[in-house]
file entry-v1.tsv (TSV, N, CA and C atoms and all ligand atoms)
chain	number	residue	atom	x	y	z
A	89	ILE	N	90.76	241.27	-50.89
A	89	ILE	CA	91.69	240.16	-50.64
A	89	ILE	C	90.96	238.84	-50.93
A	90	ALA	N	91.60	237.95	-51.63
A	90	ALA	CA	90.94	236.69	-51.95
A	90	ALA	C	91.70	235.52	-51.35
A	91	GLY	N	91.04	234.38	-51.30
A	91	GLY	CA	91.71	233.15	-50.93
A	91	GLY	C	91.88	232.95	-49.44
A	92	PRO	N	92.77	232.04	-49.08
A	92	PRO	CA	92.86	231.59	-47.69
A	92	PRO	C	93.37	232.65	-46.72
A	93	HIS	N	93.85	233.79	-47.22
A	93	HIS	CA	94.39	234.79	-46.31
A	93	HIS	C	93.39	235.87	-45.94
A	94	ARG	N	92.14	235.69	-46.39
A	94	ARG	CA	91.12	236.63	-45.94
A	94	ARG	C	91.05	236.55	-44.42
A	95	PRO	N	90.81	237.70	-43.76
A	95	PRO	CA	90.96	237.79	-42.32
A	95	PRO	C	90.28	236.69	-41.50
A	96	HIS	N	89.03	236.35	-41.80
A	96	HIS	CA	88.35	235.41	-40.92
A	96	HIS	C	88.38	233.97	-41.43
A	97	CYS	N	89.11	233.73	-42.52
A	97	CYS	CA	89.06	232.42	-43.13
A	97	CYS	C	89.69	231.31	-42.29
A	98	HIS	N	90.59	231.68	-41.43
A	98	HIS	CA	91.25	230.64	-40.65
A	98	HIS	C	90.37	230.17	-39.51
A	99	LEU	N	89.26	230.87	-39.27
A	99	LEU	CA	88.43	230.54	-38.12
A	99	LEU	C	87.31	229.58	-38.52
A	100	LEU	N	87.27	228.43	-37.86
A	100	LEU	CA	86.10	227.59	-37.95
A	100	LEU	C	85.11	228.15	-36.96
A	101	GLU	N	84.07	228.78	-37.44
A	101	GLU	CA	83.15	229.45	-36.53
A	101	GLU	C	82.28	228.46	-35.78
A	102	LYS	N	81.79	227.45	-36.52
A	102	LYS	CA	80.80	226.58	-35.90
A	102	LYS	C	80.52	225.37	-36.78
A	103	ALA	N	80.21	224.25	-36.14
A	103	ALA	CA	79.78	223.07	-36.88
A	103	ALA	C	78.86	222.25	-36.00
A	104	GLY	N	77.84	221.65	-36.60
A	104	GLY	CA	76.94	220.82	-35.82
A	104	GLY	C	75.75	220.35	-36.65
A	105	ILE	N	74.85	219.69	-35.97
A	105	ILE	CA	73.65	219.13	-36.61
A	105	ILE	C	72.48	220.08	-36.43
A	106	MET	N	71.73	220.28	-37.47
A	106	MET	CA	70.45	221.00	-37.34
A	106	MET	C	69.46	220.47	-38.37
A	107	ASN	N	68.21	220.88	-38.21
A	107	ASN	CA	67.21	220.59	-39.23
A	107	ASN	C	67.12	221.77	-40.16
A	108	LYS	N	67.00	221.50	-41.44
A	108	LYS	CA	66.91	222.61	-42.38
A	108	LYS	C	66.03	222.23	-43.56
A	109	THR	N	65.48	223.25	-44.17
A	109	THR	CA	64.81	223.06	-45.45
A	109	THR	C	64.96	224.32	-46.28
A	110	LYS	N	65.12	224.14	-47.57
A	110	LYS	CA	65.09	225.28	-48.47
A	110	LYS	C	63.62	225.58	-48.75
A	111	VAL	N	63.24	226.85	-48.77
A	111	VAL	CA	61.85	227.19	-49.05
A	111	VAL	C	61.69	228.08	-50.29
A	112	VAL	N	62.75	228.79	-50.63
A	112	VAL	CA	62.71	229.61	-51.85
A	112	VAL	C	64.02	229.38	-52.60
A	113	ASP	N	63.91	229.10	-53.89
A	113	ASP	CA	65.08	228.86	-54.72
A	113	ASP	C	65.10	229.90	-55.85
A	114	ASN	N	66.08	230.77	-55.81
A	114	ASN	CA	66.19	231.86	-56.81
A	114	ASN	C	64.87	232.58	-57.02
A	115	GLY	N	64.24	232.96	-55.90
A	115	GLY	CA	63.01	233.73	-55.96
A	115	GLY	C	61.75	232.90	-56.14
A	116	LYS	N	61.91	231.60	-56.33
A	116	LYS	CA	60.75	230.75	-56.56
A	116	LYS	C	60.47	229.89	-55.33
A	117	LYS	N	59.25	229.96	-54.82
A	117	LYS	CA	58.87	229.19	-53.63
A	117	LYS	C	58.88	227.71	-53.98
A	118	ILE	N	59.48	226.92	-53.13
A	118	ILE	CA	59.51	225.48	-53.38
A	118	ILE	C	58.95	224.74	-52.17
A	119	ARG	N	58.62	223.47	-52.37
A	119	ARG	CA	58.03	222.67	-51.31
A	119	ARG	C	59.06	222.39	-50.21
A	120	LYS	N	58.60	222.53	-48.97
A	120	LYS	CA	59.47	222.22	-47.83
A	120	LYS	C	59.88	220.76	-47.83
A	121	ASN	N	61.09	220.53	-47.44
A	121	ASN	CA	61.56	219.15	-47.31
A	121	ASN	C	62.59	219.13	-46.17
A	122	TRP	N	62.07	219.10	-44.94
A	122	TRP	CA	62.96	219.15	-43.77
A	122	TRP	C	63.88	217.94	-43.75
A	123	SER	N	65.14	218.18	-43.47
A	123	SER	CA	66.05	217.07	-43.24
A	123	SER	C	67.16	217.52	-42.30
A	124	GLN	N	67.76	216.54	-41.65
A	124	GLN	CA	68.86	216.85	-40.74
A	124	GLN	C	70.14	217.05	-41.54
A	125	SER	N	70.90	218.08	-41.15
A	125	SER	CA	72.14	218.35	-41.87
A	125	SER	C	73.30	218.55	-40.91
A	126	TRP	N	74.41	217.96	-41.25
A	126	TRP	CA	75.67	218.38	-40.65
A	126	TRP	C	76.00	219.71	-41.30
A	127	THR	N	76.13	220.75	-40.48
A	127	THR	CA	76.20	222.12	-40.99
A	127	THR	C	77.48	222.78	-40.50
A	128	VAL	N	78.15	223.47	-41.40
A	128	VAL	CA	79.44	224.08	-41.08
A	128	VAL	C	79.41	225.56	-41.45
A	129	LEU	N	79.81	226.40	-40.50
A	129	LEU	CA	79.91	227.84	-40.73
A	129	LEU	C	81.39	228.20	-40.72
A	130	HIS	N	81.88	228.66	-41.85
A	130	HIS	CA	83.33	228.87	-41.96
A	130	HIS	C	83.62	229.88	-43.07
A	131	GLY	N	84.37	230.90	-42.72
A	131	GLY	CA	84.84	231.85	-43.73
A	131	GLY	C	83.73	232.54	-44.51
A	132	GLY	N	82.62	232.85	-43.83
A	132	GLY	CA	81.54	233.55	-44.51
A	132	GLY	C	80.66	232.66	-45.38
A	133	ILE	N	80.87	231.35	-45.26
A	133	ILE	CA	80.08	230.38	-46.03
A	133	ILE	C	79.39	229.42	-45.05
A	134	LEU	N	78.13	229.17	-45.29
A	134	LEU	CA	77.39	228.16	-44.52
A	134	LEU	C	77.17	226.97	-45.44
A	135	THR	N	77.59	225.80	-44.99
A	135	THR	CA	77.47	224.60	-45.81
A	135	THR	C	76.57	223.58	-45.14
A	136	PHE	N	75.52	223.20	-45.82
A	136	PHE	CA	74.62	222.14	-45.35
A	136	PHE	C	75.02	220.85	-46.06
A	137	HIS	N	75.34	219.84	-45.28
A	137	HIS	CA	75.69	218.55	-45.86
A	137	HIS	C	74.47	217.64	-45.87
A	138	ARG	N	74.49	216.67	-46.75
A	138	ARG	CA	73.34	215.78	-46.89
A	138	ARG	C	73.17	214.91	-45.65
A	139	ASP	N	71.91	214.59	-45.41
A	139	ASP	CA	71.57	213.66	-44.33
A	139	ASP	C	72.07	212.26	-44.72
A	140	PRO	N	73.02	211.70	-43.95
A	140	PRO	CA	73.52	210.36	-44.30
A	140	PRO	C	72.41	209.32	-44.38
A	141	LYS	N	71.35	209.51	-43.60
A	141	LYS	CA	70.24	208.56	-43.60
A	141	LYS	C	69.47	208.56	-44.91
A	142	SER	N	69.58	209.66	-45.66
A	142	SER	CA	68.85	209.73	-46.92
A	142	SER	C	69.63	209.10	-48.08
A	143	ALA	N	70.87	208.71	-47.80
A	143	ALA	CA	71.70	208.13	-48.85
A	143	ALA	C	71.28	206.68	-49.11
A	144	PRO	N	71.44	206.23	-50.35
A	144	PRO	CA	71.15	204.83	-50.62
A	144	PRO	C	72.14	203.95	-49.87
A	145	PRO	N	71.71	202.77	-49.45
A	145	PRO	CA	72.62	201.90	-48.71
A	145	PRO	C	73.83	201.50	-49.56
A	146	GLY	N	74.95	201.28	-48.90
A	146	GLY	CA	76.13	200.84	-49.63
A	146	GLY	C	77.20	201.90	-49.71
A	147	THR	N	78.01	201.80	-50.71
A	147	THR	CA	79.23	202.60	-50.79
A	147	THR	C	78.98	204.09	-50.97
A	148	ALA	N	77.82	204.47	-51.50
A	148	ALA	CA	77.57	205.88	-51.77
A	148	ALA	C	77.43	206.71	-50.49
A	149	SER	N	77.09	206.03	-49.39
A	149	SER	CA	76.74	206.80	-48.19
A	149	SER	C	77.92	207.61	-47.64
A	150	LYS	N	79.11	207.06	-47.71
A	150	LYS	CA	80.25	207.79	-47.18
A	150	LYS	C	80.49	209.08	-47.96
A	151	THR	N	80.39	208.99	-49.27
A	151	THR	CA	80.57	210.16	-50.12
A	151	THR	C	79.50	211.20	-49.85
A	152	SER	N	78.26	210.73	-49.69
A	152	SER	CA	77.16	211.68	-49.54
A	152	SER	C	77.28	212.46	-48.23
A	153	GLN	N	77.96	211.88	-47.24
A	153	GLN	CA	78.12	212.60	-45.98
A	153	GLN	C	79.04	213.80	-46.12
A	154	ILE	N	79.95	213.75	-47.06
A	154	ILE	CA	80.89	214.87	-47.18
A	154	ILE	C	80.56	215.75	-48.37
A	155	THR	N	79.54	215.40	-49.13
A	155	THR	CA	79.14	216.22	-50.26
A	155	THR	C	78.17	217.29	-49.81
A	156	PRO	N	78.51	218.57	-50.01
A	156	PRO	CA	77.56	219.61	-49.61
A	156	PRO	C	76.26	219.49	-50.40
A	157	GLU	N	75.17	219.72	-49.69
A	157	GLU	CA	73.87	219.78	-50.37
A	157	GLU	C	73.62	221.22	-50.82
A	158	TYR	N	73.87	222.16	-49.89
A	158	TYR	CA	73.75	223.59	-50.23
A	158	TYR	C	74.96	224.32	-49.67
A	159	THR	N	75.50	225.23	-50.44
A	159	THR	CA	76.58	226.09	-50.00
A	159	THR	C	76.06	227.52	-50.09
A	160	VAL	N	76.02	228.20	-48.94
A	160	VAL	CA	75.37	229.51	-48.89
A	160	VAL	C	76.40	230.60	-48.61
A	161	GLU	N	76.54	231.52	-49.54
A	161	GLU	CA	77.39	232.70	-49.35
A	161	GLU	C	76.64	233.66	-48.43
A	162	LEU	N	77.24	233.98	-47.30
A	162	LEU	CA	76.50	234.76	-46.29
A	162	LEU	C	76.63	236.26	-46.45
A	163	ARG	N	77.60	236.70	-47.23
A	163	ARG	CA	77.76	238.14	-47.39
A	163	ARG	C	76.50	238.74	-48.00
A	164	GLY	N	75.92	239.71	-47.30
A	164	GLY	CA	74.69	240.34	-47.79
A	164	GLY	C	73.43	239.56	-47.49
A	165	ALA	N	73.56	238.44	-46.78
A	165	ALA	CA	72.39	237.65	-46.40
A	165	ALA	C	71.77	238.23	-45.13
A	166	SER	N	70.54	237.82	-44.84
A	166	SER	CA	69.94	238.24	-43.58
A	166	SER	C	69.39	237.01	-42.87
A	167	VAL	N	69.49	237.04	-41.54
A	167	VAL	CA	69.00	235.92	-40.74
A	167	VAL	C	68.19	236.46	-39.58
A	168	GLY	N	67.09	235.78	-39.26
A	168	GLY	CA	66.26	236.22	-38.14
A	168	GLY	C	65.29	235.13	-37.75
A	169	TRP	N	64.60	235.33	-36.64
A	169	TRP	CA	63.64	234.33	-36.19
A	169	TRP	C	62.44	234.34	-37.13
A	170	ALA	N	62.05	233.16	-37.57
A	170	ALA	CA	60.91	233.04	-38.48
A	170	ALA	C	59.62	233.06	-37.66
A	171	THR	N	58.62	233.77	-38.15
A	171	THR	CA	57.32	233.73	-37.51
A	171	THR	C	56.30	233.23	-38.53
A	172	ASN	N	55.47	232.31	-38.11
A	172	ASN	CA	54.42	231.73	-38.96
A	172	ASN	C	54.96	231.06	-40.22
A	173	LYS	N	56.17	230.54	-40.14
A	173	LYS	CA	56.73	229.84	-41.29
A	173	LYS	C	56.70	228.33	-41.08
A	174	SER	N	56.45	227.93	-39.82
A	174	SER	CA	56.54	226.51	-39.50
A	174	SER	C	55.83	226.26	-38.18
A	175	SER	N	55.38	225.02	-37.99
A	175	SER	CA	54.81	224.64	-36.69
A	175	SER	C	55.91	224.27	-35.71
A	176	LYS	N	57.13	224.16	-36.20
A	176	LYS	CA	58.24	223.80	-35.32
A	176	LYS	C	58.64	225.00	-34.48
A	177	LYS	N	59.33	224.72	-33.35
A	177	LYS	CA	59.81	225.82	-32.52
A	177	LYS	C	61.26	226.15	-32.88
A	178	ASN	N	61.67	227.35	-32.50
A	178	ASN	CA	63.07	227.80	-32.69
A	178	ASN	C	63.50	227.71	-34.16
A	179	VAL	N	62.76	228.39	-35.01
A	179	VAL	CA	63.05	228.35	-36.45
A	179	VAL	C	63.69	229.67	-36.89
A	180	LEU	N	64.85	229.55	-37.51
A	180	LEU	CA	65.51	230.72	-38.10
A	180	LEU	C	65.24	230.74	-39.60
A	181	GLU	N	65.16	231.95	-40.13
A	181	GLU	CA	64.96	232.15	-41.56
A	181	GLU	C	66.22	232.81	-42.11
A	182	LEU	N	66.78	232.23	-43.14
A	182	LEU	CA	67.99	232.77	-43.76
A	182	LEU	C	67.68	233.14	-45.20
A	183	LYS	N	67.86	234.42	-45.52
A	183	LYS	CA	67.62	234.89	-46.88
A	183	LYS	C	68.94	235.30	-47.50
A	184	THR	N	69.25	234.73	-48.64
A	184	THR	CA	70.52	235.05	-49.29
A	184	THR	C	70.34	236.19	-50.27
A	185	ARG	N	71.45	236.80	-50.59
A	185	ARG	CA	71.42	237.90	-51.56
A	185	ARG	C	71.02	237.40	-52.95
A	186	GLN	N	71.21	236.11	-53.17
A	186	GLN	CA	70.89	235.53	-54.48
A	186	GLN	C	69.43	235.11	-54.60
A	187	GLY	N	68.62	235.41	-53.55
A	187	GLY	CA	67.19	235.11	-53.64
A	187	GLY	C	66.81	233.70	-53.27
A	188	CYS	N	67.58	233.08	-52.37
A	188	CYS	CA	67.19	231.79	-51.82
A	188	CYS	C	66.85	231.97	-50.34
A	189	GLU	N	65.94	231.15	-49.85
A	189	GLU	CA	65.58	231.20	-48.43
A	189	GLU	C	65.60	229.80	-47.84
A	190	PHE	N	66.15	229.74	-46.63
A	190	PHE	CA	66.23	228.49	-45.89
A	190	PHE	C	65.59	228.68	-44.52
A	191	LEU	N	64.99	227.62	-43.99
A	191	LEU	CA	64.60	227.59	-42.59
A	191	LEU	C	65.58	226.66	-41.88
A	192	MET	N	65.98	227.06	-40.69
A	192	MET	CA	66.94	226.30	-39.89
A	192	MET	C	66.34	226.13	-38.50
A	193	GLN	N	66.36	224.91	-37.98
A	193	GLN	CA	65.62	224.64	-36.75
A	193	GLN	C	66.34	223.65	-35.85
A	194	TYR	N	66.22	223.90	-34.55
A	194	TYR	CA	66.72	222.93	-33.57
A	194	TYR	C	65.92	223.11	-32.29
A	195	ASP	N	65.53	222.01	-31.66
A	195	ASP	CA	64.66	222.09	-30.49
A	195	ASP	C	65.30	222.81	-29.30
A	196	THR	N	66.61	222.67	-29.15
A	196	THR	CA	67.30	223.33	-28.04
A	196	THR	C	67.58	224.78	-28.42
A	197	GLU	N	66.95	225.70	-27.70
A	197	GLU	CA	67.01	227.11	-28.10
A	197	GLU	C	68.43	227.67	-28.07
A	198	SER	N	69.21	227.27	-27.05
A	198	SER	CA	70.56	227.84	-26.94
A	198	SER	C	71.42	227.45	-28.15
A	199	ILE	N	71.18	226.26	-28.67
A	199	ILE	CA	71.98	225.80	-29.82
A	199	ILE	C	71.64	226.59	-31.07
A	200	ILE	N	70.36	226.79	-31.33
A	200	ILE	CA	69.99	227.52	-32.54
A	200	ILE	C	70.30	229.01	-32.38
A	201	SER	N	70.26	229.50	-31.14
A	201	SER	CA	70.65	230.90	-30.89
A	201	SER	C	72.11	231.14	-31.22
A	202	ASP	N	72.95	230.17	-30.90
A	202	ASP	CA	74.37	230.30	-31.24
A	202	ASP	C	74.56	230.34	-32.76
A	203	TRP	N	73.78	229.54	-33.48
A	203	TRP	CA	73.84	229.59	-34.94
A	203	TRP	C	73.39	230.96	-35.44
A	204	HIS	N	72.34	231.48	-34.81
A	204	HIS	CA	71.85	232.80	-35.19
A	204	HIS	C	72.96	233.84	-35.10
A	205	LYS	N	73.64	233.85	-33.95
A	205	LYS	CA	74.72	234.82	-33.73
A	205	LYS	C	75.85	234.62	-34.74
A	206	GLY	N	76.24	233.38	-34.94
A	206	GLY	CA	77.35	233.09	-35.84
A	206	GLY	C	77.05	233.48	-37.28
A	207	VAL	N	75.86	233.12	-37.75
A	207	VAL	CA	75.48	233.43	-39.13
A	207	VAL	C	75.31	234.94	-39.30
A	208	ASP	N	74.67	235.57	-38.31
A	208	ASP	CA	74.45	237.00	-38.35
A	208	ASP	C	75.79	237.73	-38.44
A	209	HIS	N	76.72	237.30	-37.63
A	209	HIS	CA	78.04	237.93	-37.61
A	209	HIS	C	78.72	237.84	-38.97
A	210	GLN	N	78.66	236.67	-39.58
A	210	GLN	CA	79.36	236.49	-40.86
A	210	GLN	C	78.62	237.16	-42.02
A	211	SER	N	77.30	237.32	-41.88
A	211	SER	CA	76.57	237.98	-42.96
A	211	SER	C	76.82	239.49	-42.95
A	212	GLU	N	77.15	240.02	-41.78
A	212	GLU	CA	77.42	241.45	-41.67
A	212	GLU	C	78.85	241.82	-42.03
A	213	ASP	N	79.69	240.82	-42.05
A	213	ASP	CA	81.12	241.05	-42.22
A	213	ASP	C	81.45	241.25	-43.70
A	214	GLU	N	81.23	242.47	-44.17
A	214	GLU	CA	81.38	242.73	-45.61
A	214	GLU	C	82.69	243.42	-45.95
A	215	ASP	N	83.55	243.61	-44.97
A	215	ASP	CA	84.76	244.41	-45.18
A	215	ASP	C	85.82	243.73	-46.02
A	216	ASP	N	85.75	242.41	-46.12
A	216	ASP	CA	86.83	241.68	-46.79
A	216	ASP	C	86.46	241.27	-48.21
A	217	ALA	N	85.49	241.95	-48.80
A	217	ALA	CA	85.03	241.54	-50.13
A	217	ALA	C	86.10	241.82	-51.18
A	301	LIG	O1	54.36	224.98	-44.42
A	301	LIG	P1	53.75	223.60	-44.55
A	301	LIG	O2	53.34	223.27	-45.93
A	301	LIG	O3	52.70	223.32	-43.53
A	301	LIG	O4	54.97	222.62	-44.27
A	301	LIG	C1	54.85	221.29	-43.89
A	301	LIG	C2	54.98	220.39	-45.09
A	301	LIG	O5	56.17	220.70	-45.79
A	301	LIG	C3	55.01	218.95	-44.68
A	301	LIG	O6	55.25	218.13	-45.80
A	301	LIG	P2	54.20	217.77	-46.94
A	301	LIG	O7	52.95	218.56	-46.70
A	301	LIG	O8	54.92	218.16	-48.17
A	301	LIG	O9	53.98	216.29	-46.86
A	301	LIG	C4	56.14	218.66	-43.69
A	301	LIG	O10	56.10	217.32	-43.29
A	301	LIG	C5	55.99	219.55	-42.47
A	301	LIG	O11	57.09	219.33	-41.62
A	301	LIG	C6	55.92	221.01	-42.86
A	301	LIG	O12	55.57	221.82	-41.79
A	301	LIG	P3	56.44	222.37	-40.58
A	301	LIG	O13	55.43	223.10	-39.76
A	301	LIG	O14	57.03	221.18	-39.91
A	301	LIG	O15	57.51	223.30	-41.09

call {"tool": "encode", "arguments": {"input": "entry-v1.tsv", "output": "structure tokens", "more": "lines below"}}
Ligand code: I3S
result
Amino acid sequence: IAGPHRPHCHLLEKAGIMNKTKVVDNGKKIRKNWSQSWTVLHGGILTFHRDPKSAPPGTASKTSQITPEYTVELRGASVGWATNKSSKKNVLELKTRQGCEFLMQYDTESIISDWHKGVDHQSEDEDDA
């Protein structure tokens, strides 16, 4: 089934602020660049939006807030607690089926734990492909 009538598409699972960095891009390790993202989990897709503070001053900033920086298809992805990947606490590691890896972090453990559950749930939900 495709489009807006897929079973879980009507559910906004989660939205909020977190710190994130991409660490592997299509199998290639890249330099960490932590930034804060408005992040949305919806319909099996995780969307990281750009940090408004990183936008150039002026009219571009409003657009950059709503422009996704990364859009991650969660089907077939795996998420788990990262060990030895960062000096930060409460770091999740997200590996996509397409060979990209992200670290996701938030100081409040309960908040990042909720993201863990939400992302894990949507990555396992392969029945509606
Ligand atoms: O894994 P690393 O290389 O220690 O990651 C740190 C670096 O990315 C560092 O930036 P530069 O070395 O490119 O200037 C960041 O500022 C740190 O935040 C990174 O480490 P943490 O432990 O915060 O993930």

call {"tool": "residues_near_ligand", "arguments": {"input": "entry-v1.tsv", "ligand": "ligand LIG 301 (chain A)", "cutoff": "7 Å", "atoms": "all atoms listed in the file", "output": "PyMOL selection string"}}
result
chain A and resi 119-122+173-176

call {"tool": "residues_near_point", "arguments": {"input": "entry-v1.tsv", "point": "(70.5, 238.1, -52.5)", "cutoff": "8 Å", "atoms": "all atoms listed in the file", "output": "NGL selection string"}}
result
:A and (163-166 or 183-188)

call {"tool": "closest_residue", "arguments": {"input": "entry-v1.tsv", "among": "A:Asp208, A:Leu180, A:Leu191, A:Glu197", "to": "Lys108 in chain A", "atoms": "all atoms listed in the file"}}
result
A:Leu191

call {"tool": "residues_around", "arguments": {"input": "entry-v1.tsv", "residues": "Gly168 in chain A", "least_positions_apart": "6", "cutoff": "6 Å", "atoms": "only N, CA and C atoms", "output": "PyMOL selection string"}}
result
chain A and resi 179-182

call {"tool": "atom_distance", "arguments": {"input": "entry-v1.tsv", "atom1": "atom N of Thr135 in chain A", "atom2": "atom N of Glu157 in chain A"}}
result
8.1 Å

call {"tool": "closest_residue", "arguments": {"input": "entry-v1.tsv", "among": "A:Thr155, A:Thr109, A:Leu129, A:Phe190", "to": "Gly206 in chain A", "atoms": "only N, CA and C atoms"}}
result
A:Leu129

call {"tool": "closest_residue", "arguments": {"input": "entry-v1.tsv", "among": "A:Val160, A:Asp113, A:Glu212, A:Ser201", "to": "Phe136 in chain A", "atoms": "only N, CA and C atoms"}}
result
A:Val160

call {"tool": "atom_distance", "arguments": {"input": "entry-v1.tsv", "atom1": "CA of Ser125 in chain A", "atom2": "atom N of Met192 in chain A"}}
result
10.7 Å

call {"tool": "residues_around", "arguments": {"input": "entry-v1.tsv", "residues": "Trp126 in chain A", "least_positions_apart": "6", "cutoff": "8 Å", "atoms": "only C-alpha atoms", "output": "mmCIF file with N, CA and C atoms, in the frame of the given file"}}
result
data_model
loop_
_atom_site.group_PDB
_atom_site.id
_atom_site.type_symbol
_atom_site.label_atom_id
_atom_site.label_comp_id
_atom_site.auth_asym_id
_atom_site.auth_seq_id
_atom_site.Cartn_x
_atom_site.Cartn_y
_atom_site.Cartn_z
ATOM 1 N N ALA A 103 80.210 224.250 -36.140
ATOM 2 C CA ALA A 103 79.780 223.070 -36.880
ATOM 3 C C ALA A 103 78.860 222.250 -36.000
ATOM 4 N N GLY A 104 77.840 221.650 -36.600
ATOM 5 C CA GLY A 104 76.940 220.820 -35.820
ATOM 6 C C GLY A 104 75.750 220.350 -36.650
ATOM 7 N N ILE A 105 74.850 219.690 -35.970
ATOM 8 C CA ILE A 105 73.650 219.130 -36.610
ATOM 9 C C ILE A 105 72.480 220.080 -36.430
ATOM 10 N N MET A 106 71.730 220.280 -37.470
ATOM 11 C CA MET A 106 70.450 221.000 -37.340
ATOM 12 C C MET A 106 69.460 220.470 -38.370
ATOM 13 N N PHE A 136 75.520 223.200 -45.820
ATOM 14 C CA PHE A 136 74.620 222.140 -45.350
ATOM 15 C C PHE A 136 75.020 220.850 -46.060
ATOM 16 N N HIS A 137 75.340 219.840 -45.280
ATOM 17 C CA HIS A 137 75.690 218.550 -45.860
ATOM 18 C C HIS A 137 74.470 217.640 -45.870
ATOM 19 N N ARG A 138 74.490 216.670 -46.750
ATOM 20 C CA ARG A 138 73.340 215.780 -46.890
ATOM 21 C C ARG A 138 73.170 214.910 -45.650
ATOM 22 N N ASP A 139 71.910 214.590 -45.410
ATOM 23 C CA ASP A 139 71.570 213.660 -44.330
ATOM 24 C C ASP A 139 72.070 212.260 -44.720
#

call {"tool": "atom_distance", "arguments": {"input": "entry-v1.tsv", "atom1": "atom N of Lys116 in chain A", "atom2": "CA of Trp169 in chain A"}}
result
20.4 Å

call {"tool": "closest_residue", "arguments": {"input": "entry-v1.tsv", "among": "A:Val167, A:Lys110, A:Gly115, A:Val207", "to": "Val128 in chain A", "atoms": "only C-alpha atoms"}}
result
A:Val207

call {"tool": "select_by_dssp", "arguments": {"input": "entry-v1.tsv", "residues": "range 124-204 of chain A", "states": "strand (DSSP E)", "output": "NGL selection string"}}
result
:A and (124-130 or 133-137 or 156-161 or 166-169 or 179-183 or 189-193)

call {"tool": "write_last_selection", "arguments": {"input": "entry-v1.tsv", "atoms": "N, CA and C atoms", "output": "short mmCIF file (atom, residue, chain, number, x, y, z; two decimals), in the frame of the given file"}}
result
data_model
loop_
_atom_site.label_atom_id
_atom_site.label_comp_id
_atom_site.auth_asym_id
_atom_site.auth_seq_id
_atom_site.Cartn_x
_atom_site.Cartn_y
_atom_site.Cartn_z
N GLN A 124 67.76 216.54 -41.65
CA GLN A 124 68.86 216.85 -40.74
C GLN A 124 70.14 217.05 -41.54
N SER A 125 70.90 218.08 -41.15
CA SER A 125 72.14 218.35 -41.87
C SER A 125 73.30 218.55 -40.91
N TRP A 126 74.41 217.96 -41.25
CA TRP A 126 75.67 218.38 -40.65
C TRP A 126 76.00 219.71 -41.30
N THR A 127 76.13 220.75 -40.48
CA THR A 127 76.20 222.12 -40.99
C THR A 127 77.48 222.78 -40.50
N VAL A 128 78.15 223.47 -41.40
CA VAL A 128 79.44 224.08 -41.08
C VAL A 128 79.41 225.56 -41.45
N LEU A 129 79.81 226.40 -40.50
CA LEU A 129 79.91 227.84 -40.73
C LEU A 129 81.39 228.20 -40.72
N HIS A 130 81.88 228.66 -41.85
CA HIS A 130 83.33 228.87 -41.96
C HIS A 130 83.62 229.88 -43.07
N ILE A 133 80.87 231.35 -45.26
CA ILE A 133 80.08 230.38 -46.03
C ILE A 133 79.39 229.42 -45.05
N LEU A 134 78.13 229.17 -45.29
CA LEU A 134 77.39 228.16 -44.52
C LEU A 134 77.17 226.97 -45.44
N THR A 135 77.59 225.80 -44.99
CA THR A 135 77.47 224.60 -45.81
C THR A 135 76.57 223.58 -45.14
N PHE A 136 75.52 223.20 -45.82
CA PHE A 136 74.62 222.14 -45.35
C PHE A 136 75.02 220.85 -46.06
N HIS A 137 75.34 219.84 -45.28
CA HIS A 137 75.69 218.55 -45.86
C HIS A 137 74.47 217.64 -45.87
N PRO A 156 78.51 218.57 -50.01
CA PRO A 156 77.56 219.61 -49.61
C PRO A 156 76.26 219.49 -50.40
N GLU A 157 75.17 219.72 -49.69
CA GLU A 157 73.87 219.78 -50.37
C GLU A 157 73.62 221.22 -50.82
N TYR A 158 73.87 222.16 -49.89
CA TYR A 158 73.75 223.59 -50.23
C TYR A 158 74.96 224.32 -49.67
N THR A 159 75.50 225.23 -50.44
CA THR A 159 76.58 226.09 -50.00
C THR A 159 76.06 227.52 -50.09
N VAL A 160 76.02 228.20 -48.94
CA VAL A 160 75.37 229.51 -48.89
C VAL A 160 76.40 230.60 -48.61
N GLU A 161 76.54 231.52 -49.54
CA GLU A 161 77.39 232.70 -49.35
C GLU A 161 76.64 233.66 -48.43
N SER A 166 70.54 237.82 -44.84
CA SER A 166 69.94 238.24 -43.58
C SER A 166 69.39 237.01 -42.87
N VAL A 167 69.49 237.04 -41.54
CA VAL A 167 69.00 235.92 -40.74
C VAL A 167 68.19 236.46 -39.58
N GLY A 168 67.09 235.78 -39.26
CA GLY A 168 66.26 236.22 -38.14
C GLY A 168 65.29 235.13 -37.75
N TRP A 169 64.60 235.33 -36.64
CA TRP A 169 63.64 234.33 -36.19
C TRP A 169 62.44 234.34 -37.13
N VAL A 179 62.76 228.39 -35.01
CA VAL A 179 63.05 228.35 -36.45
C VAL A 179 63.69 229.67 -36.89
N LEU A 180 64.85 229.55 -37.51
CA LEU A 180 65.51 230.72 -38.10
C LEU A 180 65.24 230.74 -39.60
N GLU A 181 65.16 231.95 -40.13
CA GLU A 181 64.96 232.15 -41.56
C GLU A 181 66.22 232.81 -42.11
N LEU A 182 66.78 232.23 -43.14
CA LEU A 182 67.99 232.77 -43.76
C LEU A 182 67.68 233.14 -45.20
N LYS A 183 67.86 234.42 -45.52
CA LYS A 183 67.62 234.89 -46.88
C LYS A 183 68.94 235.30 -47.50
N GLU A 189 65.94 231.15 -49.85
CA GLU A 189 65.58 231.20 -48.43
C GLU A 189 65.60 229.80 -47.84
N PHE A 190 66.15 229.74 -46.63
CA PHE A 190 66.23 228.49 -45.89
C PHE A 190 65.59 228.68 -44.52
N LEU A 191 64.99 227.62 -43.99
CA LEU A 191 64.60 227.59 -42.59
C LEU A 191 65.58 226.66 -41.88
N MET A 192 65.98 227.06 -40.69
CA MET A 192 66.94 226.30 -39.89
C MET A 192 66.34 226.13 -38.50
N GLN A 193 66.36 224.91 -37.98
CA GLN A 193 65.62 224.64 -36.75
C GLN A 193 66.34 223.65 -35.85
#

call {"tool": "closest_residue", "arguments": {"input": "entry-v1.tsv", "among": "A:Asn107, A:Ser211, A:Thr171, A:Asn178", "to": "Ile133 in chain A", "atoms": "only N, CA and C atoms"}}
result
A:Ser211
